[in-house]
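Data first, discussion second: the structure below is written as structure tokens.
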Amino acid sequence: MGSPNTPAFLIAVALAAAISMGVFAHASKHGSRHATAWGIAAFLAAGLAVPVYFIRYWAQRRAG
């Protein structure tokens with residue numbers, strides 16, 4: 001039997017997977033050579049990797 005926290009854990013994993021797939025899709029669509037790495041980083045550390053990725057993306061876009 002599962003513990004009382006099992007549903008919360010499954011929701012957290014599903015949310016992390018959805019965020020990482022979104023970051024991977026965005027990075028891949030916009031030509032990042034490291035789309036897989038960004039997707040993995042977003043899954044493992046979404047609170048840090050997602051803001052870093054998008055700040056880097058917007059900075060490169062402004063630079064030309």
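In the structure tokens, chains take letters A, B, ... by order of appearance, with residues numbered from 1 within each chain and ligands from 1 in the order shown.
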
Selection near segment 31-39 of chain A, 9 Å with only C-alpha atoms, sequence-local residues under 2 positions removed, as a list in words
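After dropping sequence-adjacent residues, the list is Ala17, Ile19, Ser20, Met21, Gly22, Val23, Phe24, Ala25, His26, Ala27, Ser28, Lys29, Ala41, Ala42, Phe43, Leu44, Ala49, Val50 and Tyr53 of chain A.
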
Determine which residues of chain A DSSP labels as alpha helix (DSSP H) from the backbone of this structure, then write them out as a ChimeraX atom specification.
/A:6-29,35-44,46-63

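Our summary of the geometry notes that atom CA of Ala46 of chain A is positioned 20.7 Å from atom CA of Gln60 of chain A.
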
What is the atom CA of Ala59 of chain A-atom CA of Ala16 of chain A distance in Å, reported with one decimal?
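These atoms are spaced 24.7 Å apart.
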
Quick one: of A:Pro51, A:Gly64, A:Ile40, A:Thr6, who's nearest to Ala18 of chain A, counting only C-alpha atoms?
A:Ile40
